[in-house]
Amino acid sequence: MLQNTHPPGVARPEEIRFFYRLLFAIIGLLAGEATMAVLVGGRPLGFYFMVSVAIGWALVGLPVVLLLPSKLVSQIPWPVILVAGCCLGPLALAVIFITTAAVQALLGPGSARLSLNGLFVGTELLWPMASLVSTVSIMTYSALVRGGYSNSTFHK
């Protein structure tokens with residue numbers, strides 16, 4: 001007789017469907033954006049930062065969460081996910097700044113020369129906010145993925 005290796009009430013570690021992983025990632029982004037909205041309280045800088053966070057999440061965060069198998073995400077310890085969230089936010093912000101500078105260099109008058117001189121001036125407050133938003137987003141995503149294993153609807 002075969003013995004059940006999984007405890008009762010715990011689903012087998014099957015891969016969660018791509019659509020649900022994408023949905024969980026979007027919910028994570030919205031949770032991060034909500035955190036940002038509470039922090040900035042509707043100031044104009046906050047709106048621009050929230051748009052840039054969405055772009056950063058699309059460029060950095062979304063590929064990270066969709067390329068990692070959900071089985072792996074569900075097995076990563078929470079402290080590691082916390083550190084990853086803290087690191088991905090500033091990385092996404094740097095990608096946004098460098099991409100913006102590259103586009104301005106290509107579309108701007110004169111030679112197409114990328115200059116990073118002074119690019120990060122006056123951005124001191126954006127880095128911890130990006131880290132916080134990214135951490136909330138990835139923690140929400142991870143919690144949803146872990147919870148998705150208890151519901152067979154999400155499995156392939």
# chains A, B, ... in the order shown; residues from 1 in each chain; ligands from 1
>>> residues_around(residues="stretch 96-109 of chain A", least_positions_apart="5", cutoff="12 Å", atoms="only C-alpha atoms", output="VMD selection string")
chain A and resid 49 51 to 60 89 to 91 114 to 121 123 126 to 127 130
>>> closest_atom_pairs(of="stretch 49-135 of chain A", to="stretch 23-36 of chain A", cutoff="7 Å", atoms="only C-alpha atoms", output="JSON lines")
{"residue": "A:Met50", "atom": "CA", "partner": "A:Glu33", "partner_atom": "CA", "distance": 6.3}
{"residue": "A:Leu62", "atom": "CA", "partner": "A:Ala25", "partner_atom": "CA", "distance": 6.8}
{"residue": "A:Val133", "atom": "CA", "partner": "A:Gly32", "partner_atom": "CA", "distance": 4.4}
{"residue": "A:Ser134", "atom": "CA", "partner": "A:Gly32", "partner_atom": "CA", "distance": 6.4}
>>> atom_distance(atom1="atom CA of A:Ala37", atom2="atom CA of A:Thr135")
15.0 Å
>>> closest_residue(among="A:Gly61, A:Tyr141, A:Pro128, A:Pro69", to="A:Glu15", atoms="only C-alpha atoms")
A:Pro69
>>> atom_distance(atom1="atom CA of A:Pro77", atom2="atom CA of A:Pro63")
20.2 Å
>>> closest_residue(among="A:Met129, A:Val38, A:Val64, A:Met139", to="A:Val83", atoms="only C-alpha atoms")
A:Met139
>>> atom_distance(atom1="atom CA of A:Leu82", atom2="atom CA of A:Gly122")
26.6 Å
